[in-house]
>>> print(open('model-v2.pdb').read())   # PDB, C-alpha atoms, pLDDT in the B column
ATOM      1  CA  MET A   1      12.466 113.174  29.827  1.00 75.00           C
ATOM      2  CA  SER A   2       9.332 115.287  30.218  1.00 67.00           C
ATOM      3  CA  SER A   3       8.439 115.712  33.913  1.00 62.00           C
ATOM      4  CA  GLY A   4       5.460 118.036  33.475  1.00 62.00           C
ATOM      5  CA  GLY A   5       1.822 117.282  32.688  1.00 83.00           C
ATOM      6  CA  LEU A   6       0.080 113.993  33.392  1.00 92.00           C
ATOM      7  CA  LEU A   7       2.791 111.646  32.091  1.00 95.00           C
ATOM      8  CA  GLU A   8       6.535 111.523  32.143  1.00 96.00           C
ATOM      9  CA  ILE A   9       7.874 110.628  28.699  1.00 96.00           C
ATOM     10  CA  ASP A  10      11.318 109.257  27.922  1.00 96.00           C
ATOM     11  CA  PRO A  11      12.905 110.083  25.534  1.00 95.00           C
ATOM     12  CA  LEU A  12      11.629 113.312  24.026  1.00 95.00           C
ATOM     13  CA  GLU A  13      13.564 112.618  20.824  1.00 96.00           C
ATOM     14  CA  LEU A  14      13.087 109.428  18.827  1.00 96.00           C
ATOM     15  CA  LYS A  15      16.413 108.365  17.321  1.00 95.00           C
ATOM     16  CA  PHE A  16      16.383 105.923  14.401  1.00 95.00           C
ATOM     17  CA  PRO A  17      19.662 104.361  13.135  1.00 93.00           C
ATOM     18  CA  PHE A  18      18.701 104.978   9.512  1.00 92.00           C
ATOM     19  CA  GLU A  19      19.342 102.267   6.891  1.00 91.00           C
ATOM     20  CA  LEU A  20      17.802 102.031   3.444  1.00 91.00           C
ATOM     21  CA  LYS A  21      15.273  99.248   2.776  1.00 93.00           C
ATOM     22  CA  LYS A  22      15.170  98.179   6.409  1.00 94.00           C
ATOM     23  CA  GLN A  23      12.570  98.496   9.164  1.00 95.00           C
ATOM     24  CA  ILE A  24      13.921 100.327  12.204  1.00 95.00           C
ATOM     25  CA  SER A  25      12.402 100.497  15.674  1.00 95.00           C
ATOM     26  CA  CYS A  26      12.932 102.507  18.831  1.00 95.00           C
ATOM     27  CA  SER A  27      11.163 102.483  22.183  1.00 96.00           C
ATOM     28  CA  LEU A  28       9.261 105.119  24.111  1.00 95.00           C
ATOM     29  CA  GLN A  29       8.367 104.874  27.797  1.00 97.00           C
ATOM     30  CA  LEU A  30       5.297 106.509  29.362  1.00 97.00           C
ATOM     31  CA  ILE A  31       5.252 106.859  33.148  1.00 97.00           C
ATOM     32  CA  ASN A  32       2.243 107.683  35.290  1.00 96.00           C
ATOM     33  CA  LYS A  33       3.431 108.824  38.722  1.00 92.00           C
ATOM     34  CA  SER A  34       0.043 110.178  39.777  1.00 93.00           C
ATOM     35  CA  ASP A  35      -2.835 108.506  41.594  1.00 95.00           C
ATOM     36  CA  ASP A  36      -5.165 108.993  38.586  1.00 95.00           C
ATOM     37  CA  TYR A  37      -6.137 106.738  35.732  1.00 97.00           C
ATOM     38  CA  VAL A  38      -4.690 108.282  32.575  1.00 97.00           C
ATOM     39  CA  ALA A  39      -5.624 107.514  28.976  1.00 97.00           C
ATOM     40  CA  PHE A  40      -3.039 108.246  26.270  1.00 97.00           C
ATOM     41  CA  LYS A  41      -2.871 108.417  22.507  1.00 97.00           C
ATOM     42  CA  VAL A  42       0.199 108.668  20.238  1.00 97.00           C
ATOM     43  CA  LYS A  43      -0.111 110.564  16.942  1.00 97.00           C
ATOM     44  CA  THR A  44       2.369 111.319  14.161  1.00 97.00           C
ATOM     45  CA  THR A  45       2.558 113.675  11.194  1.00 96.00           C
ATOM     46  CA  SER A  46       3.427 110.683   8.938  1.00 95.00           C
ATOM     47  CA  PRO A  47       1.023 107.866   9.859  1.00 95.00           C
ATOM     48  CA  LYS A  48       1.858 105.812   6.735  1.00 95.00           C
ATOM     49  CA  LYS A  49       5.550 105.906   7.538  1.00 96.00           C
ATOM     50  CA  TYR A  50       5.407 104.738  11.158  1.00 97.00           C
ATOM     51  CA  CYS A  51       3.734 101.947  13.092  1.00 97.00           C
ATOM     52  CA  VAL A  52       3.061 102.585  16.801  1.00 97.00           C
ATOM     53  CA  ARG A  53       2.231  99.734  19.204  1.00 97.00           C
ATOM     54  CA  PRO A  54       0.256 100.452  21.277  1.00 96.00           C
ATOM     55  CA  ASN A  55      -0.885 103.772  19.861  1.00 96.00           C
ATOM     56  CA  ALA A  56      -3.468 104.215  22.662  1.00 96.00           C
ATOM     57  CA  GLY A  57      -4.117 102.782  26.113  1.00 97.00           C
ATOM     58  CA  ILE A  58      -4.720 103.363  29.807  1.00 97.00           C
ATOM     59  CA  LEU A  59      -2.061 103.819  32.429  1.00 97.00           C
ATOM     60  CA  LEU A  60      -2.986 102.793  35.967  1.00 96.00           C
ATOM     61  CA  PRO A  61      -1.698 104.886  38.874  1.00 96.00           C
ATOM     62  CA  ARG A  62       2.045 104.499  39.438  1.00 95.00           C
ATOM     63  CA  SER A  63       2.515 102.376  36.328  1.00 97.00           C
ATOM     64  CA  THR A  64       4.515 102.520  33.111  1.00 97.00           C
ATOM     65  CA  CYS A  65       3.932 101.555  29.494  1.00 97.00           C
ATOM     66  CA  ASP A  66       6.515 100.823  26.782  1.00 97.00           C
ATOM     67  CA  VAL A  67       5.606 101.971  23.280  1.00 98.00           C
ATOM     68  CA  ILE A  68       7.434 100.619  20.222  1.00 97.00           C
ATOM     69  CA  VAL A  69       7.686 102.950  17.219  1.00 97.00           C
ATOM     70  CA  THR A  70       8.692 101.242  13.962  1.00 97.00           C
ATOM     71  CA  MET A  71       9.692 103.145  10.854  1.00 96.00           C
ATOM     72  CA  GLN A  72       8.868 101.324   7.616  1.00 96.00           C
ATOM     73  CA  SER A  73      11.701 100.579   5.186  1.00 94.00           C
ATOM     74  CA  GLN A  74      12.679 103.604   3.101  1.00 92.00           C
ATOM     75  CA  ARG A  75      13.846 103.508  -0.529  1.00 91.00           C
ATOM     76  CA  GLU A  76      15.855 106.726  -0.303  1.00 90.00           C
ATOM     77  CA  ALA A  77      17.456 108.851   2.387  1.00 87.00           C
ATOM     78  CA  PRO A  78      16.284 112.426   3.102  1.00 86.00           C
ATOM     79  CA  PRO A  79      18.611 115.321   2.205  1.00 85.00           C
ATOM     80  CA  ASP A  80      21.379 115.736   4.796  1.00 86.00           C
ATOM     81  CA  MET A  81      19.682 113.021   6.886  1.00 87.00           C
ATOM     82  CA  GLN A  82      17.293 115.619   8.284  1.00 90.00           C
ATOM     83  CA  CYS A  83      13.824 114.453   9.353  1.00 92.00           C
ATOM     84  CA  LYS A  84      10.844 116.782   9.775  1.00 92.00           C
ATOM     85  CA  ASP A  85       8.478 114.166  11.203  1.00 95.00           C
ATOM     86  CA  LYS A  86       6.894 114.826  14.598  1.00 97.00           C
ATOM     87  CA  PHE A  87       5.048 112.786  17.215  1.00 97.00           C
ATOM     88  CA  LEU A  88       2.422 113.980  19.694  1.00 96.00           C
ATOM     89  CA  VAL A  89       1.566 112.187  22.948  1.00 96.00           C
ATOM     90  CA  GLN A  90      -1.847 113.195  24.328  1.00 96.00           C
ATOM     91  CA  SER A  91      -3.105 112.222  27.757  1.00 96.00           C
ATOM     92  CA  VAL A  92      -6.271 112.829  29.822  1.00 96.00           C
ATOM     93  CA  ILE A  93      -7.525 111.779  33.230  1.00 95.00           C
ATOM     94  CA  ILE A  94     -10.329 109.233  33.012  1.00 95.00           C
ATOM     95  CA  ASP A  95     -12.642 107.384  35.353  1.00 94.00           C
ATOM     96  CA  GLN A  96     -11.180 104.257  36.924  1.00 93.00           C
ATOM     97  CA  THR A  97     -14.027 102.180  35.509  1.00 93.00           C
ATOM     98  CA  SER A  98     -13.013 103.004  31.922  1.00 92.00           C
ATOM     99  CA  THR A  99     -11.375 100.384  29.701  1.00 93.00           C
ATOM    100  CA  THR A 100      -9.319 100.547  26.523  1.00 92.00           C
ATOM    101  CA  LYS A 101     -12.523 100.052  24.489  1.00 93.00           C
ATOM    102  CA  ASP A 102     -13.880 103.283  25.948  1.00 93.00           C
ATOM    103  CA  ILE A 103     -11.029 105.376  24.474  1.00 94.00           C
ATOM    104  CA  THR A 104     -12.320 107.573  21.642  1.00 94.00           C
ATOM    105  CA  THR A 105     -10.970 110.426  19.554  1.00 92.00           C
ATOM    106  CA  GLU A 106     -13.373 112.842  21.248  1.00 93.00           C
ATOM    107  CA  MET A 107     -11.699 112.235  24.614  1.00 93.00           C
ATOM    108  CA  PHE A 108      -8.602 114.085  23.318  1.00 94.00           C
ATOM    109  CA  ALA A 109     -10.455 116.977  21.664  1.00 92.00           C
ATOM    110  CA  LYS A 110      -9.833 120.255  23.462  1.00 89.00           C
ATOM    111  CA  GLU A 111     -12.793 121.796  21.611  1.00 87.00           C
ATOM    112  CA  SER A 112     -15.096 119.606  23.708  1.00 82.00           C
ATOM    113  CA  GLY A 113     -13.776 121.193  26.881  1.00 87.00           C
ATOM    114  CA  ASN A 114     -11.533 118.293  27.875  1.00 89.00           C
ATOM    115  CA  VAL A 115      -8.304 118.981  29.717  1.00 92.00           C
ATOM    116  CA  VAL A 116      -5.728 117.392  27.418  1.00 95.00           C
ATOM    117  CA  ASP A 117      -2.030 117.324  28.112  1.00 95.00           C
ATOM    118  CA  GLU A 118       0.179 117.231  24.978  1.00 95.00           C
ATOM    119  CA  VAL A 119       3.887 116.556  24.557  1.00 95.00           C
ATOM    120  CA  LYS A 120       5.626 116.864  21.192  1.00 96.00           C
ATOM    121  CA  LEU A 121       8.462 114.516  20.229  1.00 96.00           C
ATOM    122  CA  ARG A 122      11.142 115.070  17.596  1.00 96.00           C
ATOM    123  CA  VAL A 123      12.517 112.470  15.176  1.00 96.00           C
ATOM    124  CA  THR A 124      16.233 112.218  14.416  1.00 95.00           C
ATOM    125  CA  TYR A 125      18.123 109.947  12.045  1.00 93.00           C
ATOM    126  CA  VAL A 126      21.521 108.711  13.252  1.00 90.00           C
ATOM    127  CA  SER A 127      24.184 106.607  11.575  1.00 84.00           C
ATOM    128  CA  PRO A 128      23.875 102.846  12.196  1.00 81.00           C
ATOM    129  CA  PRO A 129      26.516 101.242  14.427  1.00 75.00           C
ATOM    130  CA  GLN A 130      29.586 100.156  12.491  1.00 72.00           C
ATOM    131  CA  PRO A 131      30.647  96.482  12.687  1.00 70.00           C
ATOM    132  CA  PRO A 132      34.027  95.786  14.321  1.00 72.00           C
ATOM    133  CA  SER A 133      36.941  95.891  11.922  1.00 65.00           C
ATOM    134  CA  PRO A 134      38.342  92.448  11.034  1.00 65.00           C
ATOM    135  CA  VAL A 135      41.707  91.450  12.506  1.00 60.00           C
ATOM    136  CA  PRO A 136      44.404  91.763   9.809  1.00 58.00           C
ATOM    137  CA  GLU A 137      45.931  88.470   8.722  1.00 56.00           C
ATOM    138  CA  GLY A 138      49.240  87.665  10.362  1.00 53.00           C
ATOM    139  CA  SER A 139      48.636  90.011  13.334  1.00 51.00           C
ATOM    140  CA  GLU A 140      47.791  87.217  15.765  1.00 52.00           C
ATOM    141  CA  GLU A 141      50.431  86.370  18.320  1.00 51.00           C
ATOM    142  CA  GLY A 142      52.609  83.478  17.286  1.00 50.00           C
ATOM    143  CA  SER A 143      51.659  83.579  13.617  1.00 51.00           C
ATOM    144  CA  SER A 144      54.372  83.938  11.002  1.00 51.00           C
ATOM    145  CA  PRO A 145      54.356  87.145   8.942  1.00 51.00           C
ATOM    146  CA  ARG A 146      53.122  86.872   5.399  1.00 55.00           C
ATOM    147  CA  PRO A 147      54.645  88.702   2.440  1.00 52.00           C
ATOM    148  CA  SER A 148      52.793  91.834   1.477  1.00 51.00           C
ATOM    149  CA  VAL A 149      51.080  92.145  -1.870  1.00 50.00           C
ATOM    150  CA  SER A 150      51.417  95.150  -4.126  1.00 50.00           C
ATOM    151  CA  GLU A 151      48.488  96.993  -5.612  1.00 48.00           C
ATOM    152  CA  ASN A 152      48.514  94.915  -8.804  1.00 49.00           C
ATOM    153  CA  GLY A 153      48.304  91.706  -6.759  1.00 48.00           C
ATOM    154  CA  ASN A 154      52.004  90.643  -7.131  1.00 52.00           C
ATOM    155  CA  LEU A 155      54.623  90.082  -4.450  1.00 51.00           C
ATOM    156  CA  ASN A 156      57.474  92.566  -4.059  1.00 59.00           C
ATOM    157  CA  SER A 157      60.767  91.390  -5.605  1.00 60.00           C
ATOM    158  CA  SER A 158      62.608  91.102  -2.270  1.00 67.00           C
ATOM    159  CA  GLU A 159      59.753  89.173  -0.686  1.00 67.00           C
ATOM    160  CA  LEU A 160      59.502  86.896  -3.726  1.00 65.00           C
ATOM    161  CA  LEU A 161      63.241  86.150  -3.479  1.00 72.00           C
ATOM    162  CA  ALA A 162      62.945  85.375   0.235  1.00 73.00           C
ATOM    163  CA  ALA A 163      59.984  83.082  -0.394  1.00 71.00           C
ATOM    164  CA  THR A 164      61.910  81.285  -3.171  1.00 72.00           C
ATOM    165  CA  ARG A 165      64.927  80.757  -0.895  1.00 76.00           C
ATOM    166  CA  ALA A 166      62.728  79.412   1.888  1.00 76.00           C
ATOM    167  CA  TYR A 167      61.077  76.999  -0.537  1.00 73.00           C
ATOM    168  CA  ALA A 168      64.470  75.815  -1.851  1.00 72.00           C
ATOM    169  CA  GLU A 169      65.723  75.242   1.709  1.00 75.00           C
ATOM    170  CA  ASN A 170      62.666  73.160   2.518  1.00 72.00           C
ATOM    171  CA  ILE A 171      63.195  71.040  -0.614  1.00 73.00           C
ATOM    172  CA  GLN A 172      66.882  70.581   0.257  1.00 73.00           C
ATOM    173  CA  GLN A 173      66.049  69.508   3.807  1.00 73.00           C
ATOM    174  CA  GLU A 174      63.533  66.981   2.518  1.00 71.00           C
ATOM    175  CA  LYS A 175      66.066  65.548   0.044  1.00 70.00           C
ATOM    176  CA  SER A 176      68.753  65.374   2.765  1.00 70.00           C
ATOM    177  CA  SER A 177      66.374  63.412   4.983  1.00 71.00           C
ATOM    178  CA  GLU A 178      65.620  60.989   2.125  1.00 75.00           C
ATOM    179  CA  ASN A 179      69.346  60.524   1.357  1.00 76.00           C
ATOM    180  CA  LEU A 180      70.141  59.815   5.006  1.00 77.00           C
ATOM    181  CA  ALA A 181      67.388  57.209   5.112  1.00 77.00           C
ATOM    182  CA  ILE A 182      68.740  55.495   1.965  1.00 83.00           C
ATOM    183  CA  ILE A 183      72.323  55.493   3.308  1.00 81.00           C
ATOM    184  CA  SER A 184      71.142  54.053   6.616  1.00 78.00           C
ATOM    185  CA  ARG A 185      69.225  51.268   4.847  1.00 81.00           C
ATOM    186  CA  LEU A 186      72.179  50.379   2.599  1.00 81.00           C
ATOM    187  CA  THR A 187      74.526  50.318   5.596  1.00 79.00           C
ATOM    188  CA  GLU A 188      72.220  47.924   7.429  1.00 80.00           C
ATOM    189  CA  GLU A 189      72.005  45.661   4.354  1.00 80.00           C
ATOM    190  CA  LYS A 190      75.804  45.667   3.950  1.00 80.00           C
ATOM    191  CA  THR A 191      76.299  44.800   7.623  1.00 80.00           C
ATOM    192  CA  THR A 192      73.799  41.959   7.345  1.00 81.00           C
ATOM    193  CA  ALA A 193      75.524  40.647   4.197  1.00 76.00           C
ATOM    194  CA  ILE A 194      78.932  40.696   5.904  1.00 82.00           C
ATOM    195  CA  GLN A 195      77.547  38.848   8.911  1.00 81.00           C
ATOM    196  CA  GLN A 196      75.980  36.212   6.665  1.00 78.00           C
ATOM    197  CA  ASN A 197      79.249  35.897   4.729  1.00 76.00           C
ATOM    198  CA  ASN A 198      81.202  35.318   7.925  1.00 81.00           C
ATOM    199  CA  LYS A 199      78.667  32.759   9.042  1.00 80.00           C
ATOM    200  CA  LEU A 200      78.920  30.937   5.717  1.00 77.00           C
ATOM    201  CA  ARG A 201      82.721  30.940   5.941  1.00 80.00           C
ATOM    202  CA  GLN A 202      82.530  29.380   9.397  1.00 82.00           C
ATOM    203  CA  GLU A 203      80.091  26.746   8.197  1.00 77.00           C
ATOM    204  CA  LEU A 204      82.315  26.037   5.183  1.00 77.00           C
ATOM    205  CA  GLU A 205      85.325  25.553   7.411  1.00 79.00           C
ATOM    206  CA  LEU A 206      83.393  23.133   9.587  1.00 80.00           C
ATOM    207  CA  VAL A 207      82.289  21.174   6.541  1.00 72.00           C
ATOM    208  CA  ARG A 208      85.834  21.040   5.224  1.00 75.00           C
ATOM    209  CA  GLN A 209      87.161  19.780   8.522  1.00 76.00           C
ATOM    210  CA  GLU A 210      84.430  17.162   8.733  1.00 73.00           C
ATOM    211  CA  VAL A 211      85.081  15.870   5.226  1.00 65.00           C
ATOM    212  CA  SER A 212      88.812  15.765   5.859  1.00 70.00           C
ATOM    213  CA  LYS A 213      88.285  13.654   8.945  1.00 70.00           C
ATOM    214  CA  GLN A 214      86.012  11.209   7.155  1.00 66.00           C
ATOM    215  CA  GLN A 215      87.833  10.790   3.820  1.00 59.00           C
ATOM    216  CA  GLY A 216      91.278  12.079   4.561  1.00 54.00           C
ATOM    217  CA  GLY A 217      91.194  14.517   1.670  1.00 52.00           C
ATOM    218  CA  PHE A 218      89.052  16.608  -0.590  1.00 53.00           C
ATOM    219  CA  SER A 219      86.339  14.741  -2.484  1.00 60.00           C
ATOM    220  CA  PHE A 220      84.558  15.763  -5.623  1.00 61.00           C
ATOM    221  CA  MET A 221      81.424  16.524  -3.606  1.00 67.00           C
ATOM    222  CA  PHE A 222      83.340  18.845  -1.332  1.00 65.00           C
ATOM    223  CA  VAL A 223      84.666  20.756  -4.302  1.00 63.00           C
ATOM    224  CA  VAL A 224      81.150  21.163  -5.630  1.00 67.00           C
ATOM    225  CA  ILE A 225      79.941  22.446  -2.276  1.00 74.00           C
ATOM    226  CA  VAL A 226      82.807  24.917  -2.100  1.00 70.00           C
ATOM    227  CA  VAL A 227      82.072  26.238  -5.564  1.00 70.00           C
ATOM    228  CA  LEU A 228      78.380  26.654  -4.805  1.00 78.00           C
ATOM    229  CA  LEU A 229      79.085  28.462  -1.563  1.00 76.00           C
ATOM    230  CA  GLY A 230      81.529  30.753  -3.317  1.00 72.00           C
ATOM    231  CA  ILE A 231      78.915  31.656  -5.921  1.00 74.00           C
ATOM    232  CA  PHE A 232      76.327  32.290  -3.245  1.00 71.00           C
ATOM    233  CA  MET A 233      78.647  34.551  -1.207  1.00 70.00           C
ATOM    234  CA  GLY A 234      79.580  36.505  -4.303  1.00 68.00           C
ATOM    235  CA  TYR A 235      75.902  37.073  -5.052  1.00 64.00           C
ATOM    236  CA  MET A 236      75.225  38.217  -1.492  1.00 67.00           C
ATOM    237  CA  LEU A 237      78.115  40.680  -1.587  1.00 62.00           C
ATOM    238  CA  LYS A 238      76.947  42.182  -4.847  1.00 60.00           C
ATOM    239  CA  LYS A 239      73.461  42.595  -3.454  1.00 59.00           C
TER
END
>>> encode(input="model-v2.pdb", output="structure tokens")
Amino acid sequence: MSSGGLLEIDPLELKFPFELKKQISCSLQLINKSDDYVAFKVKTTSPKKYCVRPNAGILLPRSTCDVIVTMQSQREAPPDMQCKDKFLVQSVIIDQTSTTKDITTEMFAKESGNVVDEVKLRVTYVSPPQPPSPVPEGSEEGSSPRPSVSENGNLNSSELLAATRAYAENIQQEKSSENLAIISRLTEEKTTAIQQNNKLRQELELVRQEVSKQQGGFSFMFVVIVVLLGIFMGYMLKK
């Protein structure tokens, strides 16, 4: 910061995070700590390269002004990232009735006998901020490690073998689950068939007893019923 002269200027070195084909801006603060009205003007050795807003104005007593300096996009970088551009901030005391429209080039001409304060500013190119590095895959807590990949894009032999074993174990577990489900279903069907067979045997015995009471022996119809029931029970057991 410059503490001499009419204005305090911060910073005295304009730092641009240089990037090709991109507009870059930085700020400049002018501070008037006096009780005078001060007119200022910002000049540069490369007017086509930079845009300054505002490039001129009036600072009231005990006031500040922020100036934005924008560097136009550049197609190529300078050798060794060295910049020879310079800025010049000129300031003069003016009458309190003056306005921005009253600011002229002659006001800052020392040849006319005006008392002009001048502060030179340097320009420096710096490297742009680097983005944060991405988190490597598999480094998060609780995540399972992944097999590494060799330079030619293939898995290492040991890791490929481990992955193959893991896959085979998963397939075997799935098949075991399916087999258990089939066995359980068949067991339930067999139990149901046995229960139905027992029930049919009981009903057959009741029918036989009833026919014996009524006719005193086995009739032709009873024999037919017995044969049909036997066929039905054999079918149920095979199922």
>>> residues_around(input="model-v2.pdb", residues="Pro17 in chain A", least_positions_apart="5", cutoff="12 Å", atoms="all atoms listed in the file", output="list in words")
Lys22, Gln23, Ile24, Ser25, Cys26, Thr70, Met71, Ser73, Ala77, Met81, Val123, Thr124, Tyr125, Val126, Ser127, Pro128, Pro129 and Gln130 of chain A
>>> resolve_selection(input="model-v2.pdb", expression="the PyMOL selection byres ((chain A and resi 99) around 12)", output="PyMOL selection string")
chain A and resi 37-40+56-60+94-98+100-104
>>> write_last_selection(input="model-v2.pdb", atoms="C-alpha atoms", output="mmCIF file, in the frame of the given file")
data_model
loop_
_atom_site.group_PDB
_atom_site.id
_atom_site.type_symbol
_atom_site.label_atom_id
_atom_site.label_comp_id
_atom_site.auth_asym_id
_atom_site.auth_seq_id
_atom_site.Cartn_x
_atom_site.Cartn_y
_atom_site.Cartn_z
ATOM 1 C CA TYR A 37 -6.137 106.738 35.732
ATOM 2 C CA VAL A 38 -4.690 108.282 32.575
ATOM 3 C CA ALA A 39 -5.624 107.514 28.976
ATOM 4 C CA PHE A 40 -3.039 108.246 26.270
ATOM 5 C CA ALA A 56 -3.468 104.215 22.662
ATOM 6 C CA GLY A 57 -4.117 102.782 26.113
ATOM 7 C CA ILE A 58 -4.720 103.363 29.807
ATOM 8 C CA LEU A 59 -2.061 103.819 32.429
ATOM 9 C CA LEU A 60 -2.986 102.793 35.967
ATOM 10 C CA ILE A 94 -10.329 109.233 33.012
ATOM 11 C CA ASP A 95 -12.642 107.384 35.353
ATOM 12 C CA GLN A 96 -11.180 104.257 36.924
ATOM 13 C CA THR A 97 -14.027 102.180 35.509
ATOM 14 C CA SER A 98 -13.013 103.004 31.922
ATOM 15 C CA THR A 100 -9.319 100.547 26.523
ATOM 16 C CA LYS A 101 -12.523 100.052 24.489
ATOM 17 C CA ASP A 102 -13.880 103.283 25.948
ATOM 18 C CA ILE A 103 -11.029 105.376 24.474
ATOM 19 C CA THR A 104 -12.320 107.573 21.642
#
>>> atom_distance(input="model-v2.pdb", atom1="CA of Phe18 in chain A", atom2="CA of Ile31 in chain A")
27.3 Å
>>> resolve_selection(input="model-v2.pdb", expression="the PyMOL selection byres ((chain A and resi 121) around 8)", output="list in words")
Leu12, Glu13, Leu14, Lys86, Phe87, Leu88, Val89, Val119, Lys120, Arg122 and Val123 of chain A
>>> atom_distance(input="model-v2.pdb", atom1="CA of Ile194 in chain A", atom2="CA of Leu228 in chain A")
17.7 Å
>>> closest_residue(input="model-v2.pdb", among="A:Lys41, A:Lys84, A:Lys15, A:Lys49", to="Cys65 in chain A", atoms="all atoms listed in the file")
A:Lys41
>>> closest_residue(input="model-v2.pdb", among="A:Ala166, A:Ala193, A:Leu30, A:Val226", to="Arg62 in chain A", atoms="only C-alpha atoms")
A:Leu30
>>> residues_around(input="model-v2.pdb", residues="Leu6 in chain A", least_positions_apart="4", cutoff="7 Å", atoms="all atoms listed in the file", output="list in words")
Asn32, Ser91 and Asp117 of chain A
>>> resolve_selection(input="model-v2.pdb", expression="the PyMOL selection byres ((chain A and resi 51) around 8)", output="PyMOL selection string")
chain A and resi 47-50+52-53+69-72
>>> closest_residue(input="model-v2.pdb", among="A:Gln74, A:Thr45, A:Thr64, A:Ser34", to="Glu19 in chain A", atoms="only C-alpha atoms")
A:Gln74
>>> residues_around(input="model-v2.pdb", residues="Asp66 in chain A", least_positions_apart="6", cutoff="8 Å", atoms="all atoms listed in the file", output="list in words")
Ser27, Leu28, Gln29 and Leu30 of chain A
>>> closest_residue(input="model-v2.pdb", among="A:Leu180, A:Ile68, A:Leu7, A:Val116", to="Val92 in chain A", atoms="all atoms listed in the file")
A:Val116
>>> atom_distance(input="model-v2.pdb", atom1="CA of Leu20 in chain A", atom2="CA of Pro79 in chain A")
13.4 Å
>>> closest_residue(input="model-v2.pdb", among="A:Glu178, A:Glu169, A:Asp85, A:Glu118", to="Phe16 in chain A", atoms="all atoms listed in the file")
A:Asp85
